[in-house]
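To start, the structure under review is shown below, and the notes come after it.
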2 protein chains.
Amino acid sequence: MRPIWLPGNGQFRRFDVVQFTDGVARRIIAAIKEQIHAGAYQPGDRLPSTRTFAAEWGASRTTVTLAYGQLIAEGYLLSRAGTRPIVAKGLGAAAPAPAQISAPRHLSGFAQRLLALAASALPRPATTQPAPIADFRYGDLAGADFPVLAWRRALNRVSLRRKPRLRYGDPQGSPALRSGLQGYLWRARGITCSPEQIVIVSGSQQGLDLCARLLLDPGDAFVIENPGYLLARHAFAAAGGIARPVLVDRDGLTTDALPPARLAYVTPSHQFPLGGVLSATRRRALLAWAAKTGASIIEDDYDGEYRHDVAPIPPLQTLDPASVIYAGTFSKTLSPTLRLGYLVAPPSLIPAFAEAKRLTDRHTPLLEQEALAELLAEGAYERHVRSIRRKNSERRAVLLQALAEEIGPSVTVEGADTGLHVVAWLKDVAAGREPAIIAAARAAGVGLHPVSPLYDPAGLRPREAGFILGYAGLDSDALRRGIALLATVLAGQR
Amino acid sequence: MRPIWLPGNGQFRRFDVVQFTDGVARRIIAAIKEQIHAGAYQPGDRLPSTRTFAAEWGASRTTVTLAYGQLIAEGYLLSRAGTRPIVAKGLGAAAPAPAQISAPRHLSGFAQRLLALAASALPRPATTQPAPIADFRYGDLAGADFPVLAWRRALNRVSLRRKPRLRYGDPQGSPALRSGLQGYLWRARGITCSPEQIVIVSGSQQGLDLCARLLLDPGDAFVIENPGYLLARHAFAAAGGIARPVLVDRDGLTTDALPPARLAYVTPSHQFPLGGVLSATRRRALLAWAAKTGASIIEDDYDGEYRHDVAPIPPLQTLDPASVIYAGTFSKTLSPTLRLGYLVAPPSLIPAFAEAKRLTDRHTPLLEQEALAELLAEGAYERHVRSIRRKNSERRAVLLQALAEEIGPSVTVEGADTGLHVVAWLKDVAAGREPAIIAAARAAGVGLHPVSPLYDPAGLRPREAGFILGYAGLDSDALRRGIALLATVLAGQR
């Protein structure tokens, strides 16, 4: 028992804090509540004296006094100085037991749109486990590529840096990280911005969601690539936006007939999923459209670090920093589980982003932000990017070679210049065969993921079966075995 | 140079990846782009041969070939097999330079409400640094209280647990953490729920924001305590909700005239900021209102771990798990910078929460989730809670004693039974004097934070000056010195 001092009647008096470790007081409290709820004690009823109660229960009077005190604190009992406590009003059996009446809960328009989108998406696979031999799921990285030691060292340094006070951080993100990122973005992507234009977000998905909330009202149109990134479309549609799908070809988004819209979501460096690089002409056309209509452009540079036979492709943002919100991520270079990304936004939009971030989740966790700032400051992040870029170039070469050798001319490969995936179209195999091929591949231990769900559900879909082959999560052996098995599966399907 | 294999003309050919480390190719690329943008090269113009260009620039032909290749990849140039590349269409000087035309960007209703709320809030202090001698800011914790070693050990164990694949986690949160939390909630708070009812969120603020988005449409009413937690009110108001402030007294929210609403936000275990415990009678009344109207109740149990002279107060959720969404946090026991919290929601709402979490940020970072699951599994978290509860009981006793000794009868202390703060009302000091007192205290090295901004802006405000004294970030010495300085400041103000 530790004495503490509490105010009471204008005085401070000593009070002994008791931990109810023996459970008797707890049981007494529960029993009295039950009797009150069942109506055995009615409002206004006076409880037995602590002496009587203690005798009935074979408990000490102290325990009963504690139990009564707790019930007074919770408002079940009212205390009368010097006399026995009475049951408070409104607690009798006459009051309805609320759990029994269960009116349907109202859901907002956002929630209803969200659930409709989830229902309309492909049924989730029965298991989310990767297929055992080779799962070509896009977005996964190989665990062996993660810089475990550098990250651990950075975490240790950060968690040993004791701070006198633990307090909420800056909603825009750690100043050290934003300053390190500014330099990195300039060196790696040619982006000129101030740290004040950077907002650290919990993965680029949060960046897209913030854009949706800040820029779209229900009924507003948004331009989206067709086919395109599903979770971007869903974020804008859940906010109430109306999708205006625009077809993409090998040069990215077609820009000859852009409809009026509040915003356009694009992947200019490496169109997702088809892999085209948005041509310079189209970049100009898109920016001219934005300038004319006042639309914002969201540039998702989700895998800009990976190019395999070209120099870095400068972001759209560098051409028009006033119209473009640039979204970057560490999910493709470190790990999707870290939930670290960033936006580079025009200064005029920063107050809205900072306030939205504050109300949404205060700020992104400081631990990862500070560890990443360490890696950036010491150059370890860029060394890691060079190393993982090389590894993924090798994976890609193995994959392309395996495709050529095992499946050969019956497959068309698209989008292989940059990024961490290719699209493989199966010549003369109808799209309707995709489910059967996926099931047969899964049975053989290979995870396949179709392109077709990334097309606008209301528009035309490709006639050929097509699959997104993500390779960043697989080693050379798995890549070769996966493609060999796929060849067997396809031969069996013909 | 590393050879890789690329498809081309139906064949795979060897390609050497060149890193543009010498910068010459980069400069050539930039120079050609500039000339195209300036109109020196017009669309359709043919570029010099690589030989000519190389001679002009004193560069190697390989470098120029690489530069041309990059410009072709970016769409500035079109290649013609065997001849010199030509400038693509639509790139001439005639096209508008988009950065010069800057139409105002459209902001959503959400963004506009957000910015209006931020503008209406108190002006942020010029410095966000804590006052040097004693800052009574609520929400800060003492750095020395953080379980540095246990946390570091847990982080190391987690980051050494190599996974073969890095992939997005469960939007609802790590199964290990949810299962550990289920047991903890049962032991510590008497909550019976399944791990499927738990959603791990990035701090309880995110939980409130998700509730706002899923349960409120613009124009929907919400009940909020008056005075109450500002960032909750802002989250609901930014979603378009219309605040229906309901007065609180020493027994928490008054329930005799609850207006119709979609949801009610309450802090039953320790009303924020005034500190009352919602009485049993009012709990029943609130639940009956929810059952009758179909409203959801959000119970923010932000500091339920801290009670100083009473046993734990059972959450409202235990009385009606079908109406109550319970929000908990680790910001008051571990650190506000971790951004870890959770919701316990009725099963019917879980699909909406899971989908919303997925679209919002995929999931909360796995690293902290897994480290916390370790602490819970080995009992270290509960040991830590006991230890920090004891420390904060001591801080509270020191604070109350200092208040009694230094300021005495001219101060009324409210809400000291539980939590990490008290409210101190200055008898016979008008609320209008708050800014002067805050400034004088700041000059003396003491940070003071008024209660008045937590009152509904449209309603009555208290006549007396009142301050929230958070004590969890301060040691005994700072608490005593802070209150002694405050006494001097107040004496000077009278």
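Chain lettering (A, B, ...) mirrors the order of the structure tokens, residue numbering begins at 1 for each chain separately, and ligand numbering begins at 1 in order of display.
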
Return the neighbours of chain B among the residues of chain A, cut-off 6 Å, counting only C-alpha atoms, as a JSON list (two decimals) with N, CA, C and O atoms, in the first residue's frame.
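Generated output (result_9.json):
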[["chain", "number", "residue", "atom", "x", "y", "z"],
["A", 4, "ILE", "N", -1.11, 8.15, -0.64],
["A", 4, "ILE", "CA", -1.06, 9.37, -1.44],
["A", 4, "ILE", "C", -1.96, 10.39, -0.78],
["A", 4, "ILE", "O", -2.67, 10.09, 0.17],
["A", 5, "TRP", "N", -1.93, 11.60, -1.28],
["A", 5, "TRP", "CA", -2.66, 12.69, -0.66],
["A", 5, "TRP", "C", -3.73, 13.19, -1.60],
["A", 5, "TRP", "O", -3.46, 13.53, -2.73],
["A", 17, "VAL", "N", -3.92, 3.52, -1.38],
["A", 17, "VAL", "CA", -4.37, 2.88, -2.62],
["A", 17, "VAL", "C", -4.29, 1.37, -2.46],
["A", 17, "VAL", "O", -3.25, 0.83, -2.09],
["A", 70, "GLN", "N", -15.95, 2.00, -4.56],
["A", 70, "GLN", "CA", -15.85, 1.90, -6.01],
["A", 70, "GLN", "C", -17.22, 2.11, -6.66],
["A", 70, "GLN", "O", -17.35, 2.80, -7.67],
["A", 74, "GLU", "N", -18.33, 4.89, -9.34],
["A", 74, "GLU", "CA", -18.91, 4.60, -10.65],
["A", 74, "GLU", "C", -20.35, 5.11, -10.76],
["A", 74, "GLU", "O", -20.96, 4.99, -11.82],
["A", 75, "GLY", "N", -20.91, 5.60, -9.65],
["A", 75, "GLY", "CA", -22.24, 6.18, -9.72],
["A", 75, "GLY", "C", -23.37, 5.19, -9.52],
["A", 75, "GLY", "O", -24.54, 5.54, -9.71],
["A", 76, "TYR", "N", -23.06, 3.93, -9.13],
["A", 76, "TYR", "CA", -24.13, 2.98, -8.85],
["A", 76, "TYR", "C", -24.81, 3.30, -7.52],
["A", 76, "TYR", "O", -25.99, 3.10, -7.35],
["A", 90, "GLY", "N", -32.60, 5.40, -11.76],
["A", 90, "GLY", "CA", -32.46, 5.12, -13.21],
["A", 90, "GLY", "C", -31.71, 3.84, -13.48],
["A", 90, "GLY", "O", -31.33, 3.58, -14.62],
["A", 91, "LEU", "N", -31.48, 3.04, -12.45],
["A", 91, "LEU", "CA", -30.68, 1.83, -12.66],
["A", 91, "LEU", "C", -31.49, 0.55, -12.53],
["A", 91, "LEU", "O", -30.98, -0.53, -12.69],
["A", 98, "PRO", "N", -30.06, -2.23, -23.02],
["A", 98, "PRO", "CA", -29.86, -1.69, -24.36],
["A", 98, "PRO", "C", -29.34, -2.72, -25.37],
["A", 98, "PRO", "O", -29.65, -2.64, -26.54],
["A", 99, "ALA", "N", -28.57, -3.69, -24.91],
["A", 99, "ALA", "CA", -27.98, -4.62, -25.86],
["A", 99, "ALA", "C", -29.04, -5.40, -26.62],
["A", 99, "ALA", "O", -28.81, -5.86, -27.73],
["A", 101, "ILE", "N", -31.96, -4.24, -27.73],
["A", 101, "ILE", "CA", -32.54, -3.47, -28.81],
["A", 101, "ILE", "C", -31.39, -3.07, -29.73],
["A", 101, "ILE", "O", -30.48, -2.36, -29.32],
["A", 103, "ALA", "N", -30.88, -1.31, -33.06],
["A", 103, "ALA", "CA", -31.26, -0.60, -34.28],
["A", 103, "ALA", "C", -30.10, -0.71, -35.27],
["A", 103, "ALA", "O", -28.95, -0.76, -34.87],
["A", 105, "ARG", "N", -27.16, 0.25, -37.54],
["A", 105, "ARG", "CA", -26.28, 1.40, -37.49],
["A", 105, "ARG", "C", -26.26, 2.07, -38.85],
["A", 105, "ARG", "O", -26.20, 1.42, -39.88],
["A", 107, "LEU", "N", -24.53, 4.01, -41.82],
["A", 107, "LEU", "CA", -23.20, 4.14, -42.40],
["A", 107, "LEU", "C", -23.20, 5.33, -43.36],
["A", 107, "LEU", "O", -24.18, 5.58, -44.06],
["A", 108, "SER", "N", -22.08, 6.04, -43.40],
["A", 108, "SER", "CA", -21.96, 7.22, -44.26],
["A", 108, "SER", "C", -21.92, 6.81, -45.73],
["A", 108, "SER", "O", -21.70, 5.65, -46.07],
["A", 111, "ALA", "N", -18.67, 5.12, -46.40],
["A", 111, "ALA", "CA", -18.63, 3.71, -46.00],
["A", 111, "ALA", "C", -19.39, 2.85, -47.01],
["A", 111, "ALA", "O", -18.94, 1.75, -47.37],
["A", 140, "ASP", "N", 5.30, -7.35, -53.63],
["A", 140, "ASP", "CA", 6.12, -8.06, -52.64],
["A", 140, "ASP", "C", 7.61, -7.81, -52.92],
["A", 140, "ASP", "O", 8.02, -7.68, -54.07],
["A", 141, "LEU", "N", 8.39, -7.74, -51.88],
["A", 141, "LEU", "CA", 9.85, -7.67, -52.03],
["A", 141, "LEU", "C", 10.44, -8.91, -51.37],
["A", 141, "LEU", "O", 9.82, -9.53, -50.50],
["A", 142, "ALA", "N", 11.67, -9.25, -51.79],
["A", 142, "ALA", "CA", 12.37, -10.37, -51.16],
["A", 142, "ALA", "C", 12.87, -9.92, -49.78],
["A", 142, "ALA", "O", 13.50, -8.88, -49.65],
["A", 143, "GLY", "N", 12.58, -10.73, -48.76],
["A", 143, "GLY", "CA", 13.06, -10.40, -47.43],
["A", 143, "GLY", "C", 14.58, -10.26, -47.38],
["A", 143, "GLY", "O", 15.11, -9.44, -46.64],
["A", 163, "LYS", "N", 15.03, 11.24, -25.21],
["A", 163, "LYS", "CA", 14.51, 12.59, -25.24],
["A", 163, "LYS", "C", 13.91, 12.90, -23.87],
["A", 163, "LYS", "O", 13.30, 12.03, -23.26],
["A", 164, "PRO", "N", 14.07, 14.14, -23.40],
["A", 164, "PRO", "CA", 13.49, 14.45, -22.09],
["A", 164, "PRO", "C", 11.96, 14.34, -22.10],
["A", 164, "PRO", "O", 11.36, 13.94, -21.12],
["A", 165, "ARG", "N", 11.32, 14.72, -23.21],
["A", 165, "ARG", "CA", 9.86, 14.66, -23.27],
["A", 165, "ARG", "C", 9.46, 13.92, -24.54],
["A", 165, "ARG", "O", 10.04, 14.10, -25.60],
["A", 166, "LEU", "N", 8.44, 13.08, -24.40],
["A", 166, "LEU", "CA", 7.86, 12.42, -25.55],
["A", 166, "LEU", "C", 6.60, 13.19, -25.92],
["A", 166, "LEU", "O", 5.68, 13.31, -25.11],
["A", 167, "ARG", "N", 6.57, 13.73, -27.11],
["A", 167, "ARG", "CA", 5.43, 14.56, -27.50],
["A", 167, "ARG", "C", 5.15, 14.38, -28.97],
["A", 167, "ARG", "O", 6.00, 13.94, -29.73],
["A", 168, "TYR", "N", 3.93, 14.75, -29.34],
["A", 168, "TYR", "CA", 3.55, 14.62, -30.74],
["A", 168, "TYR", "C", 4.54, 15.36, -31.62],
["A", 168, "TYR", "O", 5.05, 16.41, -31.26],
["A", 205, "GLN", "N", -0.23, 5.18, -50.27],
["A", 205, "GLN", "CA", -1.69, 5.04, -50.23],
["A", 205, "GLN", "C", -2.32, 6.15, -49.38],
["A", 205, "GLN", "O", -3.34, 6.71, -49.75],
["A", 206, "GLN", "N", -1.68, 6.48, -48.26],
["A", 206, "GLN", "CA", -2.21, 7.57, -47.45],
["A", 206, "GLN", "C", -2.12, 8.89, -48.21],
["A", 206, "GLN", "O", -3.02, 9.72, -48.12],
["A", 209, "ASP", "N", -5.03, 8.97, -50.51],
["A", 209, "ASP", "CA", -6.27, 9.18, -49.77],
["A", 209, "ASP", "C", -6.38, 10.65, -49.34],
["A", 209, "ASP", "O", -7.46, 11.25, -49.42],
["A", 214, "LEU", "N", -8.85, 15.99, -49.97],
["A", 214, "LEU", "CA", -8.65, 17.43, -50.04],
["A", 214, "LEU", "C", -9.09, 18.02, -51.37],
["A", 214, "LEU", "O", -9.35, 19.21, -51.46],
["A", 215, "LEU", "N", -9.11, 17.19, -52.41],
["A", 215, "LEU", "CA", -9.34, 17.76, -53.74],
["A", 215, "LEU", "C", -10.67, 17.36, -54.36],
["A", 215, "LEU", "O", -11.09, 17.97, -55.34],
["A", 216, "LEU", "N", -11.32, 16.34, -53.83],
["A", 216, "LEU", "CA", -12.56, 15.86, -54.46],
["A", 216, "LEU", "C", -13.75, 16.00, -53.53],
["A", 216, "LEU", "O", -13.69, 15.62, -52.37],
["A", 217, "ASP", "N", -14.84, 16.52, -54.07],
["A", 217, "ASP", "CA", -16.13, 16.44, -53.40],
["A", 217, "ASP", "C", -16.93, 15.35, -54.09],
["A", 217, "ASP", "O", -16.66, 15.04, -55.26],
["A", 235, "ALA", "N", -9.60, 4.82, -53.88],
["A", 235, "ALA", "CA", -9.50, 5.95, -52.94],
["A", 235, "ALA", "C", -10.29, 7.15, -53.46],
["A", 235, "ALA", "O", -11.02, 7.80, -52.71],
["A", 279, "SER", "N", 5.11, 10.06, -72.86],
["A", 279, "SER", "CA", 5.99, 10.76, -73.81],
["A", 279, "SER", "C", 6.02, 12.24, -73.48],
["A", 279, "SER", "O", 5.13, 12.78, -72.82],
["A", 280, "ALA", "N", 7.07, 12.90, -73.95],
["A", 280, "ALA", "CA", 7.25, 14.33, -73.68],
["A", 280, "ALA", "C", 6.08, 15.13, -74.24],
["A", 280, "ALA", "O", 5.58, 16.06, -73.58],
["A", 281, "THR", "N", 5.61, 14.77, -75.43],
["A", 281, "THR", "CA", 4.47, 15.48, -76.02],
["A", 281, "THR", "C", 3.25, 15.39, -75.12],
["A", 281, "THR", "O", 2.57, 16.38, -74.85],
["A", 287, "LEU", "N", -0.10, 18.79, -68.93],
["A", 287, "LEU", "CA", 0.11, 19.99, -68.12],
["A", 287, "LEU", "C", -0.70, 21.16, -68.66],
["A", 287, "LEU", "O", -1.23, 21.97, -67.88],
["A", 288, "ALA", "N", -0.81, 21.25, -69.99],
["A", 288, "ALA", "CA", -1.62, 22.33, -70.57],
["A", 288, "ALA", "C", -3.08, 22.16, -70.17],
["A", 288, "ALA", "O", -3.77, 23.13, -69.82],
["A", 291, "ALA", "N", -3.40, 23.27, -66.62],
["A", 291, "ALA", "CA", -3.32, 24.73, -66.50],
["A", 291, "ALA", "C", -4.64, 25.37, -66.94],
["A", 291, "ALA", "O", -5.11, 26.32, -66.33],
["A", 294, "GLY", "N", -7.47, 24.08, -64.29],
["A", 294, "GLY", "CA", -7.24, 24.21, -62.85],
["A", 294, "GLY", "C", -7.19, 22.88, -62.13],
["A", 294, "GLY", "O", -7.23, 22.83, -60.90],
["A", 309, "ASP", "N", 17.42, 0.18, -68.57],
["A", 309, "ASP", "CA", 18.30, 0.47, -69.71],
["A", 309, "ASP", "C", 18.21, 1.93, -70.11],
["A", 309, "ASP", "O", 18.64, 2.30, -71.17],
["A", 310, "VAL", "N", 17.62, 2.73, -69.26],
["A", 310, "VAL", "CA", 17.57, 4.16, -69.53],
["A", 310, "VAL", "C", 17.98, 4.90, -68.27],
["A", 310, "VAL", "O", 17.93, 4.34, -67.18],
["A", 320, "ASP", "N", 6.27, 21.28, -63.90],
["A", 320, "ASP", "CA", 5.23, 22.20, -63.43],
["A", 320, "ASP", "C", 4.93, 21.96, -61.95],
["A", 320, "ASP", "O", 3.92, 21.36, -61.60],
["A", 336, "PRO", "N", 7.29, -2.78, -47.97],
["A", 336, "PRO", "CA", 5.90, -2.29, -47.90],
["A", 336, "PRO", "C", 5.36, -2.28, -46.48],
["A", 336, "PRO", "O", 4.37, -1.61, -46.22],
["A", 337, "THR", "N", 5.99, -3.01, -45.57],
["A", 337, "THR", "CA", 5.46, -3.08, -44.20],
["A", 337, "THR", "C", 5.85, -1.87, -43.35],
["A", 337, "THR", "O", 5.31, -1.68, -42.27],
["A", 338, "LEU", "N", 6.81, -1.05, -43.85],
["A", 338, "LEU", "CA", 7.23, 0.12, -43.07],
["A", 338, "LEU", "C", 6.19, 1.23, -43.09],
["A", 338, "LEU", "O", 6.14, 2.03, -42.17],
["A", 339, "ARG", "N", 5.41, 1.30, -44.16],
["A", 339, "ARG", "CA", 4.42, 2.36, -44.37],
["A", 339, "ARG", "C", 5.07, 3.73, -44.32],
["A", 339, "ARG", "O", 4.76, 4.56, -43.47],
["A", 359, "LEU", "N", -5.23, 15.83, -38.32],
["A", 359, "LEU", "CA", -6.53, 15.29, -37.89],
["A", 359, "LEU", "C", -6.66, 13.80, -38.22],
["A", 359, "LEU", "O", -7.43, 13.09, -37.59],
["A", 360, "THR", "N", -5.91, 13.35, -39.21],
["A", 360, "THR", "CA", -6.03, 11.96, -39.65],
["A", 360, "THR", "C", -5.29, 11.02, -38.72],
["A", 360, "THR", "O", -5.81, 9.97, -38.34],
["A", 361, "ASP", "N", -4.05, 11.35, -38.38],
["A", 361, "ASP", "CA", -3.31, 10.47, -37.46],
["A", 361, "ASP", "C", -2.17, 11.19, -36.76],
["A", 361, "ASP", "O", -1.21, 10.55, -36.35],
["A", 365, "PRO", "N", 4.56, 7.58, -37.59],
["A", 365, "PRO", "CA", 5.40, 7.21, -36.44],
["A", 365, "PRO", "C", 6.83, 7.75, -36.55],
["A", 365, "PRO", "O", 7.45, 7.68, -37.61],
["A", 366, "LEU", "N", 7.34, 8.28, -35.45],
["A", 366, "LEU", "CA", 8.65, 8.92, -35.51],
["A", 366, "LEU", "C", 9.80, 7.93, -35.65],
["A", 366, "LEU", "O", 10.82, 8.24, -36.25],
["A", 397, "ALA", "N", 16.31, -9.78, -65.91],
["A", 397, "ALA", "CA", 16.97, -10.46, -67.02],
["A", 397, "ALA", "C", 16.68, -11.95, -66.97],
["A", 397, "ALA", "O", 16.40, -12.58, -68.01]]

Sel. of helix (DSSP H, G or I) residues, stretch 301-490 of chain A, as a VMD selection string: chain A and resid 316 to 318 347 to 361 366 to 377 380 to 410 431 to 443 452 to 454 476 to 490

Selected residue, from A:Gly445, A:Leu316, A:Gly180, A:Val199, that lies nearest to A:Glu374 when counting only C-alpha atoms: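 Among A:Gly445, A:Leu316, A:Gly180, A:Val199, it is A:Gly180 that comes nearest to A:Glu374.
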
Distance query B:Gly183 at most 10 Å, only C-alpha atoms, self and fewer than 4 positions along chain excluded, as a PyMOL selection string: chain B and resi 178-179+187-195+376-377

Next, the residues of the selection above should be written as a compact mmCIF listing (two decimals), in the first residue's frame with N, CA and C atoms.
# COMPACT_ATOMS: atom_id res chain seq x y z
N ARG B 178 -3.26 -8.35 -32.09
CA ARG B 178 -4.68 -8.33 -31.74
C ARG B 178 -5.01 -9.42 -30.72
N SER B 179 -4.33 -10.54 -30.86
CA SER B 179 -4.61 -11.60 -29.92
C SER B 179 -4.04 -11.25 -28.53
N ARG B 187 -8.12 -8.65 -19.12
CA ARG B 187 -7.53 -8.57 -17.78
C ARG B 187 -7.61 -7.15 -17.23
N ALA B 188 -7.28 -6.16 -18.06
CA ALA B 188 -7.11 -4.81 -17.53
C ALA B 188 -8.40 -4.01 -17.53
N ARG B 189 -9.30 -4.27 -18.50
CA ARG B 189 -10.47 -3.41 -18.63
C ARG B 189 -11.78 -4.17 -18.64
N GLY B 190 -11.71 -5.49 -18.45
CA GLY B 190 -12.94 -6.27 -18.38
C GLY B 190 -13.69 -6.38 -19.69
N ILE B 191 -13.00 -6.09 -20.81
CA ILE B 191 -13.65 -6.13 -22.12
C ILE B 191 -13.57 -7.54 -22.70
N THR B 192 -14.73 -8.08 -23.09
CA THR B 192 -14.77 -9.37 -23.75
C THR B 192 -14.96 -9.11 -25.24
N CYS B 193 -13.98 -9.48 -26.05
CA CYS B 193 -14.13 -9.30 -27.49
C CYS B 193 -13.26 -10.34 -28.17
N SER B 194 -13.50 -10.54 -29.45
CA SER B 194 -12.64 -11.45 -30.21
C SER B 194 -11.58 -10.61 -30.92
N PRO B 195 -10.43 -11.23 -31.28
CA PRO B 195 -9.43 -10.46 -32.02
C PRO B 195 -9.98 -9.90 -33.34
N LEU B 376 3.55 -7.53 -25.02
CA LEU B 376 2.32 -8.05 -24.42
C LEU B 376 2.46 -9.53 -24.11
N ALA B 377 3.06 -10.28 -25.03
CA ALA B 377 3.14 -11.73 -24.87
C ALA B 377 3.99 -12.11 -23.66

Members of stretch 409-443 of chain A assigned strand (DSSP E or B) by DSSP, as a list in words: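 Strand (DSSP E or B) members of stretch 409-443 of chain A, listed: Val411, Thr412, Val413, Glu414, Thr418, His421, Val422, Val423, Ala424, Trp425, Leu426, Lys427, Asp428, Val429 and Ala430 of chain A.
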
Among the residues A:Ala424, A:Ile325, A:Thr52, A:Glu305, the one that comes closest to A:Pro347 [using only C-alpha atoms]: A:Ile325

Counting only C-alpha atoms, the option among B:Asp45, B:Asp456, B:Glu370, B:Glu196 closest to B:Ser79: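 The answer is B:Asp45, which sits nearest to B:Ser79.
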
Top pick for closest residue to B:Val423, considering B:Leu448, B:Val266, B:Ala439, B:Ala491 and counting only C-alpha atoms: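 Checking each of B:Leu448, B:Val266, B:Ala439, B:Ala491 against B:Val423, counting only C-alpha atoms, the winner is B:Leu448.
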
Neighbour list for B:Tyr471 as a PyMOL selection string, cut-off 7 Å, only C-alpha atoms, skip fewer than 4 positions in-chain: chain B and resi 136+395-396+420-421

Interatomic distance, atom CA of A:Arg80 to atom CA of A:Val64 (Å, one decimal):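 These atoms are spaced 16.1 Å apart.
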
For stretch 457-465 of chain B: contacts at 6 Å, only C-alpha atoms, fewer than 2 positions along chain excluded, given as a list of chain:residue names: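 Answer for this query is B:Trp425, B:Leu426, B:Val429, B:Ala430, B:Ala431, B:Glu434.
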
Atom pair atom CA of B:Tyr184 / atom CA of A:Ile32: separation (Å):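 These atoms are spaced 24.9 Å apart.
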
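Relative to atom CA of A:Tyr302, atom CA of B:Arg27 is found at 25.9 Å.
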
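In terms of minimum interatomic distance to B:Val446, B:Leu469 ranks closest within B:Leu403, B:Ala373, B:Leu469, B:Ala243, counting only C-alpha atoms.
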